[in-house]
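**Q** Okay, handing you the structure first.
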Amino acid sequence: MIIIKTPDDIAKMRQAGELVARVLTMLQEEVKPGINTGRLNTIAEDECRKRGAIPVFKNYPHPKGKRPFPGVICASVNEEVVHGIPGSRVLKEGDIISIDFGVILNGYAGDSAITVPVGEVNPQVSKLIEVTEQALMEGIKQAQVGNRLGMVSNSVQKYAEQNGFSVVRQFVGHGIGRAMHEDPPVPNYGRPDRGPFLKEGMTLAIEPMINMGTFEVDTKPDEWTVVTRDGGFSAHFEHSIAISERGPEILTLR
């Protein structure tokens, strides 16, 4: 069931989104050759503790009943698409890292993701990051009252593919509110005439996952980390948004 949020709900989601944005900005500034992903995870967890927020990814249940997710952030490096487990991996020049982070603050969720280059990266990799972020913004532009959700999805896909990249099908965005994951699913591909009509008070997490090669992915033996099947780099950007008659509001704007 799609839950329509009240202005008070959205005000509280705005607070959660602001915290997520603040922490991601901090983490982006820490990304450099020599840092390990576990250190980024610690920074995020410390900020949650200071602000009285719940780091919602930590101990998140596995969809198939396997071990819960152990990190506060998802730290996905290079060919890792999503759900990378933070730990001892040291970042090096030319890597990219996608950082996904979410909280529950005062009973409401915020969720966002960024992809950050580590030092100087290959120009095509830099293009991948730029296109993925812009694909997100193209999708957000279509999050208008009266549009179908498919217009958001199709805009993301069209922009990514026009620029020579592929769109992951196996993982999608989602509704968001009191829970991190609510209805409706928000694909990053598909026909513009599909999906529910968008209404004022709907809140969505739109999150393109864009690959340099094939869109097909596999899961590593750790049962969480999703990687590109061909080993090509992948980028991931996400914003939580609220739909209103004035247009989409980005709740996690950095």
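Residues are referred to by chain and number: the chain letter is A, B, ... according to the order shown in the structure tokens, the number counts from 1 in that chain, and ligands are numbered separately from 1 in the order shown.
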Could you give me, as a list in words, the residues within 7 Å of Gly17 of chain A, counting only C-alpha atoms and dropping anything in the same chain fewer than 4 positions from it?
**A**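 What passes the distance filter is Met13, Ala21, Gly110, Asp111, Leu251 and Thr252 of chain A.
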**Q** Quick one: residues within 10 Å of Glu79 of chain A, only C-alpha atoms counted, chain neighbours fewer than 5 positions away excluded, as a list in words?
**A**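 Those residues are Asp95, Ile96, Ile97, Asn211, Met212, Val217, Val226, Val227, Thr228, Arg229, Asp230, Gly231, Gly232, Phe233, Ser234 and Ala235 of chain A.
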**Q** Just C-alpha atoms for this one: save the residues we selected as a PDB file, in the first residue's frame.
**A**
```
ATOM      1  CA  ASP A  95      39.141   3.625  -7.443  1.00  0.00           C
ATOM      2  CA  ILE A  96      35.589   4.819  -7.054  1.00  0.00           C
ATOM      3  CA  ILE A  97      33.397   4.172  -4.021  1.00  0.00           C
ATOM      4  CA  ASN A 211      27.202   0.184 -15.156  1.00  0.00           C
ATOM      5  CA  MET A 212      29.958   0.701 -17.708  1.00  0.00           C
ATOM      6  CA  VAL A 217      24.997  -8.566 -11.765  1.00  0.00           C
ATOM      7  CA  VAL A 226      26.448  -7.164  -5.565  1.00  0.00           C
ATOM      8  CA  VAL A 227      28.993  -6.925  -8.411  1.00  0.00           C
ATOM      9  CA  THR A 228      28.828  -6.413 -12.151  1.00  0.00           C
ATOM     10  CA  ARG A 229      28.987  -9.718 -14.011  1.00  0.00           C
ATOM     11  CA  ASP A 230      31.679  -8.469 -16.409  1.00  0.00           C
ATOM     12  CA  GLY A 231      33.798  -6.659 -13.793  1.00  0.00           C
ATOM     13  CA  GLY A 232      33.054  -3.197 -15.181  1.00  0.00           C
ATOM     14  CA  PHE A 233      32.787  -0.227 -12.850  1.00  0.00           C
ATOM     15  CA  SER A 234      29.394   0.785 -11.465  1.00  0.00           C
ATOM     16  CA  ALA A 235      28.091   4.055  -9.966  1.00  0.00           C
TER      17      ALA A 235
END
```
**Q** Take atom CA of Leu19 of chain A and atom CA of Lys32 of chain A and report the distance between them in Å, one decimal.
**A** 22.4 Å
**Q** If you run DSSP over the backbone, which residues in segment 67-247 of chain A end up strand (DSSP E or B)? Put them as a ChimeraX atom specification.
**A** /A:73-77,80-82,90,96-105,108-117,148,166-167,173-175,182-186,197,203-206,209-211,217-219,226-228,234-236,238-244,247
**Q** Based on the backbone DSSP call, show me all residues of segment 115-189 of chain A assigned alpha helix (DSSP H), as an mmCIF file with N, CA and C atoms, in the first residue's frame.
**A**
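The file below, states-v4.cif, is the result:
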```cif
data_model
loop_
_atom_site.group_PDB
_atom_site.id
_atom_site.type_symbol
_atom_site.label_atom_id
_atom_site.label_comp_id
_atom_site.auth_asym_id
_atom_site.auth_seq_id
_atom_site.Cartn_x
_atom_site.Cartn_y
_atom_site.Cartn_z
ATOM 1 N N PRO A 123 39.043 9.008 -17.400
ATOM 2 C CA PRO A 123 37.986 9.912 -17.882
ATOM 3 C C PRO A 123 36.648 9.215 -18.124
ATOM 4 N N GLN A 124 36.660 7.986 -18.603
ATOM 5 C CA GLN A 124 35.399 7.283 -18.831
ATOM 6 C C GLN A 124 34.710 6.947 -17.513
ATOM 7 N N VAL A 125 35.504 6.673 -16.489
ATOM 8 C CA VAL A 125 34.940 6.427 -15.158
ATOM 9 C C VAL A 125 34.348 7.716 -14.596
ATOM 10 N N SER A 126 35.050 8.826 -14.808
ATOM 11 C CA SER A 126 34.524 10.113 -14.381
ATOM 12 C C SER A 126 33.204 10.410 -15.078
ATOM 13 N N LYS A 127 33.109 10.075 -16.365
ATOM 14 C CA LYS A 127 31.858 10.258 -17.102
ATOM 15 C C LYS A 127 30.754 9.397 -16.512
ATOM 16 N N LEU A 128 31.080 8.157 -16.149
ATOM 17 C CA LEU A 128 30.096 7.265 -15.523
ATOM 18 C C LEU A 128 29.490 7.914 -14.280
ATOM 19 N N ILE A 129 30.332 8.490 -13.427
ATOM 20 C CA ILE A 129 29.841 9.133 -12.202
ATOM 21 C C ILE A 129 28.928 10.305 -12.553
ATOM 22 N N GLU A 130 29.368 11.151 -13.489
ATOM 23 C CA GLU A 130 28.578 12.324 -13.860
ATOM 24 C C GLU A 130 27.239 11.929 -14.465
ATOM 25 N N VAL A 131 27.250 10.935 -15.334
ATOM 26 C CA VAL A 131 26.009 10.503 -15.991
ATOM 27 C C VAL A 131 25.050 9.887 -14.988
ATOM 28 N N THR A 132 25.563 9.119 -14.042
ATOM 29 C CA THR A 132 24.683 8.483 -13.052
ATOM 30 C C THR A 132 24.003 9.534 -12.189
ATOM 31 N N GLU A 133 24.762 10.535 -11.754
ATOM 32 C CA GLU A 133 24.150 11.588 -10.948
ATOM 33 C C GLU A 133 23.119 12.370 -11.758
ATOM 34 N N GLN A 134 23.437 12.652 -13.005
ATOM 35 C CA GLN A 134 22.479 13.393 -13.826
ATOM 36 C C GLN A 134 21.258 12.543 -14.168
ATOM 37 N N ALA A 135 21.450 11.230 -14.338
ATOM 38 C CA ALA A 135 20.305 10.343 -14.572
ATOM 39 C C ALA A 135 19.331 10.407 -13.401
ATOM 40 N N LEU A 136 19.870 10.462 -12.176
ATOM 41 C CA LEU A 136 19.015 10.642 -11.003
ATOM 42 C C LEU A 136 18.224 11.934 -11.118
ATOM 43 N N MET A 137 18.891 13.017 -11.487
ATOM 44 C CA MET A 137 18.209 14.302 -11.574
ATOM 45 C C MET A 137 17.163 14.305 -12.692
ATOM 46 N N GLU A 138 17.443 13.608 -13.785
ATOM 47 C CA GLU A 138 16.456 13.498 -14.863
ATOM 48 C C GLU A 138 15.214 12.767 -14.367
ATOM 49 N N GLY A 139 15.410 11.729 -13.559
ATOM 50 C CA GLY A 139 14.271 11.031 -12.990
ATOM 51 C C GLY A 139 13.480 11.909 -12.040
ATOM 52 N N ILE A 140 14.195 12.651 -11.196
ATOM 53 C CA ILE A 140 13.524 13.527 -10.229
ATOM 54 C C ILE A 140 12.682 14.587 -10.937
ATOM 55 N N LYS A 141 13.169 15.088 -12.071
ATOM 56 C CA LYS A 141 12.398 16.092 -12.818
ATOM 57 C C LYS A 141 11.005 15.593 -13.178
ATOM 58 N N LEU A 149 4.626 6.865 -12.485
ATOM 59 C CA LEU A 149 5.952 6.532 -11.962
ATOM 60 C C LEU A 149 6.885 6.092 -13.088
ATOM 61 N N GLY A 150 6.320 5.454 -14.111
ATOM 62 C CA GLY A 150 7.135 5.014 -15.240
ATOM 63 C C GLY A 150 7.859 6.135 -15.951
ATOM 64 N N MET A 151 7.353 7.356 -15.836
ATOM 65 C CA MET A 151 8.047 8.487 -16.454
ATOM 66 C C MET A 151 9.361 8.770 -15.741
ATOM 67 N N VAL A 152 9.387 8.563 -14.418
ATOM 68 C CA VAL A 152 10.633 8.675 -13.656
ATOM 69 C C VAL A 152 11.608 7.601 -14.114
ATOM 70 N N SER A 153 11.133 6.366 -14.136
ATOM 71 C CA SER A 153 11.975 5.224 -14.498
ATOM 72 C C SER A 153 12.530 5.366 -15.911
ATOM 73 N N ASN A 154 11.670 5.713 -16.851
ATOM 74 C CA ASN A 154 12.076 5.809 -18.246
ATOM 75 C C ASN A 154 13.085 6.923 -18.465
ATOM 76 N N SER A 155 12.937 8.026 -17.736
ATOM 77 C CA SER A 155 13.879 9.143 -17.886
ATOM 78 C C SER A 155 15.276 8.758 -17.424
ATOM 79 N N VAL A 156 15.356 8.005 -16.331
ATOM 80 C CA VAL A 156 16.656 7.516 -15.856
ATOM 81 C C VAL A 156 17.301 6.626 -16.908
ATOM 82 N N GLN A 157 16.537 5.647 -17.393
ATOM 83 C CA GLN A 157 17.063 4.696 -18.371
ATOM 84 C C GLN A 157 17.506 5.394 -19.652
ATOM 85 N N LYS A 158 16.667 6.274 -20.158
ATOM 86 C CA LYS A 158 16.963 6.938 -21.422
ATOM 87 C C LYS A 158 18.261 7.734 -21.316
ATOM 88 N N TYR A 159 18.425 8.493 -20.234
ATOM 89 C CA TYR A 159 19.626 9.316 -20.104
ATOM 90 C C TYR A 159 20.879 8.446 -19.998
ATOM 91 N N ALA A 160 20.814 7.392 -19.197
ATOM 92 C CA ALA A 160 21.990 6.521 -19.035
ATOM 93 C C ALA A 160 22.367 5.839 -20.346
ATOM 94 N N GLU A 161 21.376 5.306 -21.034
ATOM 95 C CA GLU A 161 21.671 4.555 -22.253
ATOM 96 C C GLU A 161 22.096 5.468 -23.397
ATOM 97 N N GLN A 162 21.550 6.674 -23.458
ATOM 98 C CA GLN A 162 21.989 7.631 -24.477
ATOM 99 C C GLN A 162 23.464 7.985 -24.316
#
```
**Q** Residues at most 6 Å from segment 167-174 of chain A, counting only C-alpha atoms, excluding those fewer than 4 positions away in the same chain, as a list in words?
**A**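 My reading of the contact set: His181, Pro184, Pro185, Val186, Pro187, Leu204, Ala205, Ile206, Glu207, Met209, Ile210 and Phe215 of chain A.
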**Q** Skip segment 33-42 of chain A itself and residues of its chain fewer than 2 positions away, then list as a PyMOL selection string all residues within 8 Å of it, counting only C-alpha atoms.
**A** chain A and resi 27+30-31+44-46+71-73+75+86-93+118-119
**Q** So, with only C-alpha atoms as the atoms that count, which of A:Pro248, A:Asp193, A:Leu253, A:Glu223 lies closest to Lys64 of chain A?
**A**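 Nearest to Lys64 of chain A: A:Glu223.
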**Q** What is the distance, in Å and to one decimal place, between atom CA of Ala53 of chain A and atom CA of Phe101 of chain A?
**A**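 Between atom CA of Ala53 of chain A and atom CA of Phe101 of chain A the gap works out to 12.1 Å.
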**Q** Taking only C-alpha atoms into account, which of A:Met180, A:Thr203, A:Ala242, A:Lys220 comes nearest Glu80 of chain A?
**A**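 Checking each candidate against Glu80 of chain A, we get A:Lys220 as the closest.
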